[in-house]
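Novice: Below is one structure. I have some questions about it.
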Amino acid sequence: MNIREELSRRVLIFDGGMGTMLQAAGLPAGYEPEMWNLERPDAVQAVHAQYLAAGADIVTTNTFGANAVKLSGRPVEEIVTAAVSLARRAAAEHGSGFVALDLGPTGRLLRPMGDLPFEEAVSAYAPAVRAGAAAGADLVLIETMSDLYEAKAAVLAAKEHCDLPIFVSVVLDQTGRMLTGGDLASAVALLEGLGVDAIGLNCGLGPEQMAALFPELLRLTSLPVLIQPNAGLPECVDGCTHFRVGPEDFAAAMAELVKAGLRAAGGCCGTTPEHIRALADACRDLPALPVAPKHRTWVSSYARTVVFGEKPVLIGERINPTGKPRLKEALRSGDMDYVLRLAIEQQEKGAQVLDVNVGLPEVDEPALLPRTVEALQAVTDLPLQIDTSDPAAMAAAMRRYNGRPLVNSVSGKAESMAAVFPLLKQYGGVAIALTLDENGIPATAGERLAIAQRIIDTAASYGIPREDLIFDPLALTISADQSAAAVTLEAVERITRELGCRTSLGVSNVSFGLPRREVVNSAFFLLALEKGLSAAILNPGSAPMTDALRSYCALKGLDPNCQDYIAAMAGETTPAPAAPAAGMDLGAAVERGLKESAAAAARAALDGGKAPMELIDGALIPALDRVGTAFETGRLYLPQLLMSAEAAKAVFELLRGAMTREGERPAAKAKVVLSTVKGDVHDIGKNIVKVLLENYGYQVVDLGKDVSPRAVADAVVREHAAFCGLSALMTTTVGAMEETIALLRREAPWCRIMVGGAVLTEDYARRMGADFYGRDAMSDVRYADGVTGAG
Amino acid sequence: MAEIDWKEARRYLGLHRPGGNVDKQLEESLRSCGAELEAAARPRAVWRRFPLTVENGAVTCAGMVIPSAHLARHLKGCGEAYLFAATLGAETDRLLRRSAVTRVSRAVILQACAASLLEAYCDECCDGLAREAAPEGLFLRPRFSPGYGDFPIAFQRPLLEAVEAPKRIGLTATGAMMLTPTKSVTALVGLSTTPWCPPTGCAACGKTDCAFRKG
């Protein structure tokens, strides 16, 4: 009988701690326990035997750290093969017992918060999975995960290199959060999407604390639950860690959980064969309660879930280059910060999910989309809607995404479903399904429903449930066909009622070709909401639309105490802290670092007929020069210099919009490639220099942090940059700086190299071969101006 | 709960230097950045006590043999040490990143606030350890971290593993031994039977041209 069948019919007992048992057998502190699979197989097998004798159904291999990152340089496959064989042998000698291949964390943090690339994490687990499956493991147990992203990497490795069932358990603190910020809901959403077989908690907490989190886990998940607590919270006495909960108390607490629906129970740190014996005695014969499917339509990020069908969901549409020249330019030039700002602005305005579309004919979308997704996830915890018509880009972005994505879109076309559904099965997620097919968009609601039904049936054939589809019955403009809105509204209503599915609309299409479109849009939006619309993709900056949504929620009792409505409207009536002073001079506003006032002054000057270049030459540049000098002479502090720079930047952005004609914009003084060197993750210095250089008219290509010498040289050559700025904070990364300079000298001899960072000195910079040592924020600007003769 | 030490935070920002004027707007930014940081930060620490030997310019502790004359000098006379690790958490890093994209002036202030909060939090933890050690007649030495003096930074990883920092507080090291989340500290804290008197802080540091040097 296989483990899936066993799990479906009874409560399974896992084993307890391995590390402490091996230490008791003489494993020295700081020594890798996995090495004992080769060096002391007898000791490892004896632990398994003790747990089986105590009543465990499943023993866990001694392979917690057996991944290519943690055991780098060690024979991972050999270790895993030995470990599984030892557990198998113990089970054979006992006469029964399943073997769980244990996979723990790599001990490194994944990009973008750390430096381990996602694919390296996947590859790190692959050898253990292959070797473990070949050696006869019955299941893969991915445990002690405090980072959902790493858990996803391990699950993908397991899915892609074996057919074994996958159990995953994560570590939460007492508040129910993971160390990387995730919560229980985001863990369940992600892991269920990946199609694992059981989900649970281990380590970190004792049975009592896990019992407090258990009801919520049960409420959320549609999978069997596994719990492996420590024997209480760790207590440090005389320099040693102790766990205080004894076998009887441990077993009693776990039995209560089984009675409430727990399906697999075991122990973690501090638990012994005695704990497992008591646990098995107390739980083995308790009935296995059925696992209730939840049929929830939800998406997630690493830290946040959004459920469809409760309150209408606002999907921010702004990260889409269609009709947005500024975003097109940013995507072409690699200005990721602009994209990130669009995301943060939409989040501040109330978006709950962000659409991400970077499709332009001249960009490499399968590379750019996952890169954008990763960059966005470093600054926002909103779930993302991966929006592309390129299946390769969709696959790459879904794979890299940290969470359960929304995917835009699939349609009733056979080709579309054949491309999207396998991805949904592999990576999890919810797809926006358009009710159109090879024959186009049907004219009636009934026909759109028929397409929806066909999509549901096809999805089911891939094992994808209907709750993982959100139907978009397509809003068409009423200026062409006055019945269009009525058909769409009817389709929304019938998909909700007859098919029991969720819906979404791109609302604004309805008014195409009409004047004052927002008037029509917001009215249509309200009508659709009343028909049951669960989500809309729109611009969160559009007040009529967000007002309509907030009013709707308040009126329908979806906004307790009308608090969201009141909070949003309070923002409208309270004056901003730095309210634009009437008639403030542009230069003075920039000097004082008043962003809003500076923008208001610039707008007023433009309205008054001033040319953008007049404002730049006559007000902005003189103000920036005064500010720069004040900083250099100690009259202005760094934050004040930067506030002025931000005010100037806001004005530049405004003027840039006003200078639409070709050739009207001033040419950049020169191109500068900036980066923090390989190995260094501290980039505040580089970011400061970037803002100031941009202010002073330089075009900056920002490569980010932890950038290899090769990537810097390639960018300098590609851009033919006149300058390259390198930053290093630590003595240990200065070597990488030196290497980068040497490579630049060979491949880009024209380029002037500026360096900066806390540990550098003028003398050291010179010895490394840099052209210039930037000692503070302004000095790079002065140096570049001196070289270009622009000063 | 530790709070930002504003005197330190201002010093990191250079506001202690005469000549400038900390106006109302800057004060308001300091206040709001401080509040934002304290709301986002989730300080966590972990420590374990290990026996220690100091011999021939090397320190042996928790399976590590650390060749460092500075550390050996610092821990002279200690028979034990706490291995200590603390972090403000991933949320702080995300806040710093977000501000670097939207308003670098706030990023700079938040950096200073985070550095100061982390230091205050570590002090608070170590004060607690000192109180625990006092009844045994033991005194704590100041924290000494990988990367200080000749203490090789490569010891970040074994130090983190010895206290299970990745698992317990989510603190890890990159390939180049940088701590992630970035607002984090690892250190050895010696325990000895005699109080510590030699100079600490800036006075003990060899980098005399440092912009942040006190005194």
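Ordering of the structure tokens sets the chain letters (A, B, ...); residue numbers start at 1 within each chain; ligands are numbered from 1 in the order shown.
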Set the distance at 6 Å and use only C-alpha atoms: which residues neighbour B:Ala9 once local chain neighbours fewer than 4 positions away are removed? I'd like the list as a PyMOL selection string.
Specialist: chain B and resi 112-113+116
Novice: Contacts of stretch 300-316 of chain A at 8 Å or less, counting only C-alpha atoms, minus same-chain residues fewer than 2 places along, as an MDAnalysis selection string?
Specialist: chainID A and resid 148:149 181:183 185:187 189:190 296:298 318:319 346 350:355 381:384 402:405 502 529 533:540 549 553 558
Novice: Go ahead and dump the residues you just picked, C-alpha atoms, as a PDB file, in the first residue's frame.
Specialist:
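Output below, filename result.pdb:
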ATOM      1  CA  LEU A 148       8.127  30.071   1.216  1.00  0.00           C
ATOM      2  CA  TYR A 149      10.269  30.824  -1.800  1.00  0.00           C
ATOM      3  CA  GLY A 181       7.252  37.632   6.643  1.00  0.00           C
ATOM      4  CA  GLY A 182       4.849  35.042   5.248  1.00  0.00           C
ATOM      5  CA  ASP A 183       1.743  33.934   7.119  1.00  0.00           C
ATOM      6  CA  ALA A 185      -2.598  31.712   4.459  1.00  0.00           C
ATOM      7  CA  SER A 186       0.174  32.614   2.030  1.00  0.00           C
ATOM      8  CA  ALA A 187       1.901  29.303   2.810  1.00  0.00           C
ATOM      9  CA  ALA A 189      -2.118  29.201  -1.008  1.00  0.00           C
ATOM     10  CA  LEU A 190       1.342  28.675  -2.505  1.00  0.00           C
ATOM     11  CA  ARG A 296     -11.498  28.998  -2.523  1.00  0.00           C
ATOM     12  CA  THR A 297     -10.461  31.244  -5.399  1.00  0.00           C
ATOM     13  CA  TRP A 298      -7.320  32.955  -4.152  1.00  0.00           C
ATOM     14  CA  ARG A 318      -0.699  50.658 -14.684  1.00  0.00           C
ATOM     15  CA  ILE A 319       2.265  48.362 -15.338  1.00  0.00           C
ATOM     16  CA  GLN A 346      -0.792  51.812  -7.035  1.00  0.00           C
ATOM     17  CA  GLY A 350      -5.537  50.831  -2.773  1.00  0.00           C
ATOM     18  CA  ALA A 351      -4.666  48.237  -5.421  1.00  0.00           C
ATOM     19  CA  GLN A 352      -4.830  44.689  -4.054  1.00  0.00           C
ATOM     20  CA  VAL A 353      -3.266  42.886  -7.008  1.00  0.00           C
ATOM     21  CA  LEU A 354      -0.910  44.373  -9.607  1.00  0.00           C
ATOM     22  CA  ASP A 355      -1.061  43.493 -13.275  1.00  0.00           C
ATOM     23  CA  ASP A 381       3.881  42.338  -0.962  1.00  0.00           C
ATOM     24  CA  LEU A 382       0.886  42.584  -3.286  1.00  0.00           C
ATOM     25  CA  PRO A 383       0.079  39.468  -5.312  1.00  0.00           C
ATOM     26  CA  LEU A 384       0.914  39.937  -8.997  1.00  0.00           C
ATOM     27  CA  ASN A 402       7.069  33.865  -5.008  1.00  0.00           C
ATOM     28  CA  GLY A 403       3.431  32.996  -4.366  1.00  0.00           C
ATOM     29  CA  ARG A 404       0.321  31.766  -6.135  1.00  0.00           C
ATOM     30  CA  PRO A 405       0.006  34.068  -9.143  1.00  0.00           C
ATOM     31  CA  ARG A 502     -15.719  34.351 -10.114  1.00  0.00           C
ATOM     32  CA  LEU A 529     -20.539  44.916  -9.058  1.00  0.00           C
ATOM     33  CA  LEU A 533     -18.410  41.030 -10.336  1.00  0.00           C
ATOM     34  CA  SER A 534     -15.551  39.836  -8.111  1.00  0.00           C
ATOM     35  CA  ALA A 535     -12.657  41.869  -9.547  1.00  0.00           C
ATOM     36  CA  ALA A 536     -11.878  44.711 -11.893  1.00  0.00           C
ATOM     37  CA  ILE A 537      -8.685  45.743 -13.561  1.00  0.00           C
ATOM     38  CA  LEU A 538      -8.412  49.522 -13.524  1.00  0.00           C
ATOM     39  CA  ASN A 539      -6.244  52.493 -12.709  1.00  0.00           C
ATOM     40  CA  PRO A 540      -6.209  52.917  -8.909  1.00  0.00           C
ATOM     41  CA  LEU A 549     -15.759  50.800  -5.419  1.00  0.00           C
ATOM     42  CA  CYS A 553     -18.429  48.265  -0.352  1.00  0.00           C
ATOM     43  CA  LEU A 558     -18.606  44.948   3.047  1.00  0.00           C
TER      44      LEU A 558
END
Novice: B:Ala41: which residues within 7 Å, counting only C-alpha atoms, same-chain residues fewer than 6 positions away excluded, as a PyMOL selection string?
Specialist: chain B and resi 88-89+91-92
Novice: Taking into account only C-alpha atoms, which residue in the set B:Cys33, B:Ile66, B:Leu117, B:Leu26 is nearest to chain A?
Specialist: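 Among the listed residues, B:Leu26 lies closest to chain A.
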Novice: Could you list, as a list in words, the residues of chain A having an atom within 6 Å of chain B when counting only C-alpha atoms?
Specialist: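 So the contacting residues turn out to be Gly30, Gly107, Arg108, Gly114, Asp115, Leu179, Thr180, Gly239, Asp337, Val379, Gly634, Arg635, Leu636, Pro639, Leu642, Met643 and Gly679 of chain A.
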Novice: Selected residues, N, CA, C and O atoms, written as a PDB file, in the first residue's frame, please.
Specialist:
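Now in out-v4.pdb:
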ATOM      1  N   GLY A  30      28.744  21.029  15.782  1.00  0.00           N
ATOM      2  CA  GLY A  30      29.310  21.686  14.613  1.00  0.00           C
ATOM      3  C   GLY A  30      29.648  20.728  13.487  1.00  0.00           C
ATOM      4  O   GLY A  30      30.017  21.146  12.401  1.00  0.00           O
ATOM      5  N   GLY A 107      19.972  27.215   4.073  1.00  0.00           N
ATOM      6  CA  GLY A 107      20.739  28.098   4.950  1.00  0.00           C
ATOM      7  C   GLY A 107      21.127  29.401   4.261  1.00  0.00           C
ATOM      8  O   GLY A 107      21.837  30.222   4.841  1.00  0.00           O
ATOM      9  N   ARG A 108      20.703  29.575   3.031  1.00  0.00           N
ATOM     10  CA  ARG A 108      20.968  30.833   2.315  1.00  0.00           C
ATOM     11  C   ARG A 108      19.628  31.465   1.974  1.00  0.00           C
ATOM     12  O   ARG A 108      18.614  30.789   1.840  1.00  0.00           O
ATOM     13  N   GLY A 114      18.070  37.890  -0.625  1.00  0.00           N
ATOM     14  CA  GLY A 114      19.433  37.398  -0.438  1.00  0.00           C
ATOM     15  C   GLY A 114      20.138  37.311  -1.776  1.00  0.00           C
ATOM     16  O   GLY A 114      19.780  38.042  -2.694  1.00  0.00           O
ATOM     17  N   ASP A 115      21.110  36.403  -1.897  1.00  0.00           N
ATOM     18  CA  ASP A 115      21.867  36.361  -3.155  1.00  0.00           C
ATOM     19  C   ASP A 115      21.772  35.027  -3.887  1.00  0.00           C
ATOM     20  O   ASP A 115      22.382  34.863  -4.929  1.00  0.00           O
ATOM     21  N   LEU A 179       9.592  33.600   9.356  1.00  0.00           N
ATOM     22  CA  LEU A 179      10.701  34.541   9.562  1.00  0.00           C
ATOM     23  C   LEU A 179      10.860  35.490   8.387  1.00  0.00           C
ATOM     24  O   LEU A 179      11.345  36.599   8.543  1.00  0.00           O
ATOM     25  N   THR A 180      10.458  35.072   7.204  1.00  0.00           N
ATOM     26  CA  THR A 180      10.604  35.938   6.043  1.00  0.00           C
ATOM     27  C   THR A 180       9.345  36.770   5.800  1.00  0.00           C
ATOM     28  O   THR A 180       9.219  37.425   4.779  1.00  0.00           O
ATOM     29  N   GLY A 239      24.024  27.114  29.200  1.00  0.00           N
ATOM     30  CA  GLY A 239      24.613  27.065  27.873  1.00  0.00           C
ATOM     31  C   GLY A 239      24.055  25.969  26.987  1.00  0.00           C
ATOM     32  O   GLY A 239      24.474  25.806  25.857  1.00  0.00           O
ATOM     33  N   ASP A 337      13.526  50.999 -11.724  1.00  0.00           N
ATOM     34  CA  ASP A 337      12.987  51.804 -10.621  1.00  0.00           C
ATOM     35  C   ASP A 337      11.676  52.481 -11.004  1.00  0.00           C
ATOM     36  O   ASP A 337      10.793  52.659 -10.175  1.00  0.00           O
ATOM     37  N   VAL A 379       9.921  44.931  -3.376  1.00  0.00           N
ATOM     38  CA  VAL A 379       9.390  46.192  -2.833  1.00  0.00           C
ATOM     39  C   VAL A 379       7.894  46.158  -2.539  1.00  0.00           C
ATOM     40  O   VAL A 379       7.384  47.066  -1.888  1.00  0.00           O
ATOM     41  N   GLY A 634      29.011  72.463   4.113  1.00  0.00           N
ATOM     42  CA  GLY A 634      28.511  72.050   5.421  1.00  0.00           C
ATOM     43  C   GLY A 634      27.274  72.797   5.894  1.00  0.00           C
ATOM     44  O   GLY A 634      26.851  72.622   7.031  1.00  0.00           O
ATOM     45  N   ARG A 635      26.674  73.624   5.044  1.00  0.00           N
ATOM     46  CA  ARG A 635      25.478  74.349   5.478  1.00  0.00           C
ATOM     47  C   ARG A 635      24.205  73.522   5.297  1.00  0.00           C
ATOM     48  O   ARG A 635      23.161  73.865   5.824  1.00  0.00           O
ATOM     49  N   LEU A 636      24.321  72.455   4.510  1.00  0.00           N
ATOM     50  CA  LEU A 636      23.160  71.595   4.272  1.00  0.00           C
ATOM     51  C   LEU A 636      23.572  70.159   4.583  1.00  0.00           C
ATOM     52  O   LEU A 636      24.678  69.733   4.257  1.00  0.00           O
ATOM     53  N   PRO A 639      20.489  64.495   4.098  1.00  0.00           N
ATOM     54  CA  PRO A 639      19.059  64.297   3.792  1.00  0.00           C
ATOM     55  C   PRO A 639      18.439  65.518   3.115  1.00  0.00           C
ATOM     56  O   PRO A 639      17.556  65.382   2.258  1.00  0.00           O
ATOM     57  N   LEU A 642      19.329  65.600  -0.499  1.00  0.00           N
ATOM     58  CA  LEU A 642      18.544  64.613  -1.247  1.00  0.00           C
ATOM     59  C   LEU A 642      17.091  65.049  -1.404  1.00  0.00           C
ATOM     60  O   LEU A 642      16.458  64.762  -2.417  1.00  0.00           O
ATOM     61  N   MET A 643      16.554  65.744  -0.407  1.00  0.00           N
ATOM     62  CA  MET A 643      15.185  66.249  -0.544  1.00  0.00           C
ATOM     63  C   MET A 643      15.115  67.247  -1.699  1.00  0.00           C
ATOM     64  O   MET A 643      14.166  67.247  -2.485  1.00  0.00           O
ATOM     65  N   GLY A 679      29.336  40.647  -4.718  1.00  0.00           N
ATOM     66  CA  GLY A 679      29.470  40.248  -3.315  1.00  0.00           C
ATOM     67  C   GLY A 679      28.913  41.266  -2.350  1.00  0.00           C
ATOM     68  O   GLY A 679      28.651  40.955  -1.193  1.00  0.00           O
TER      69      GLY A 679
END
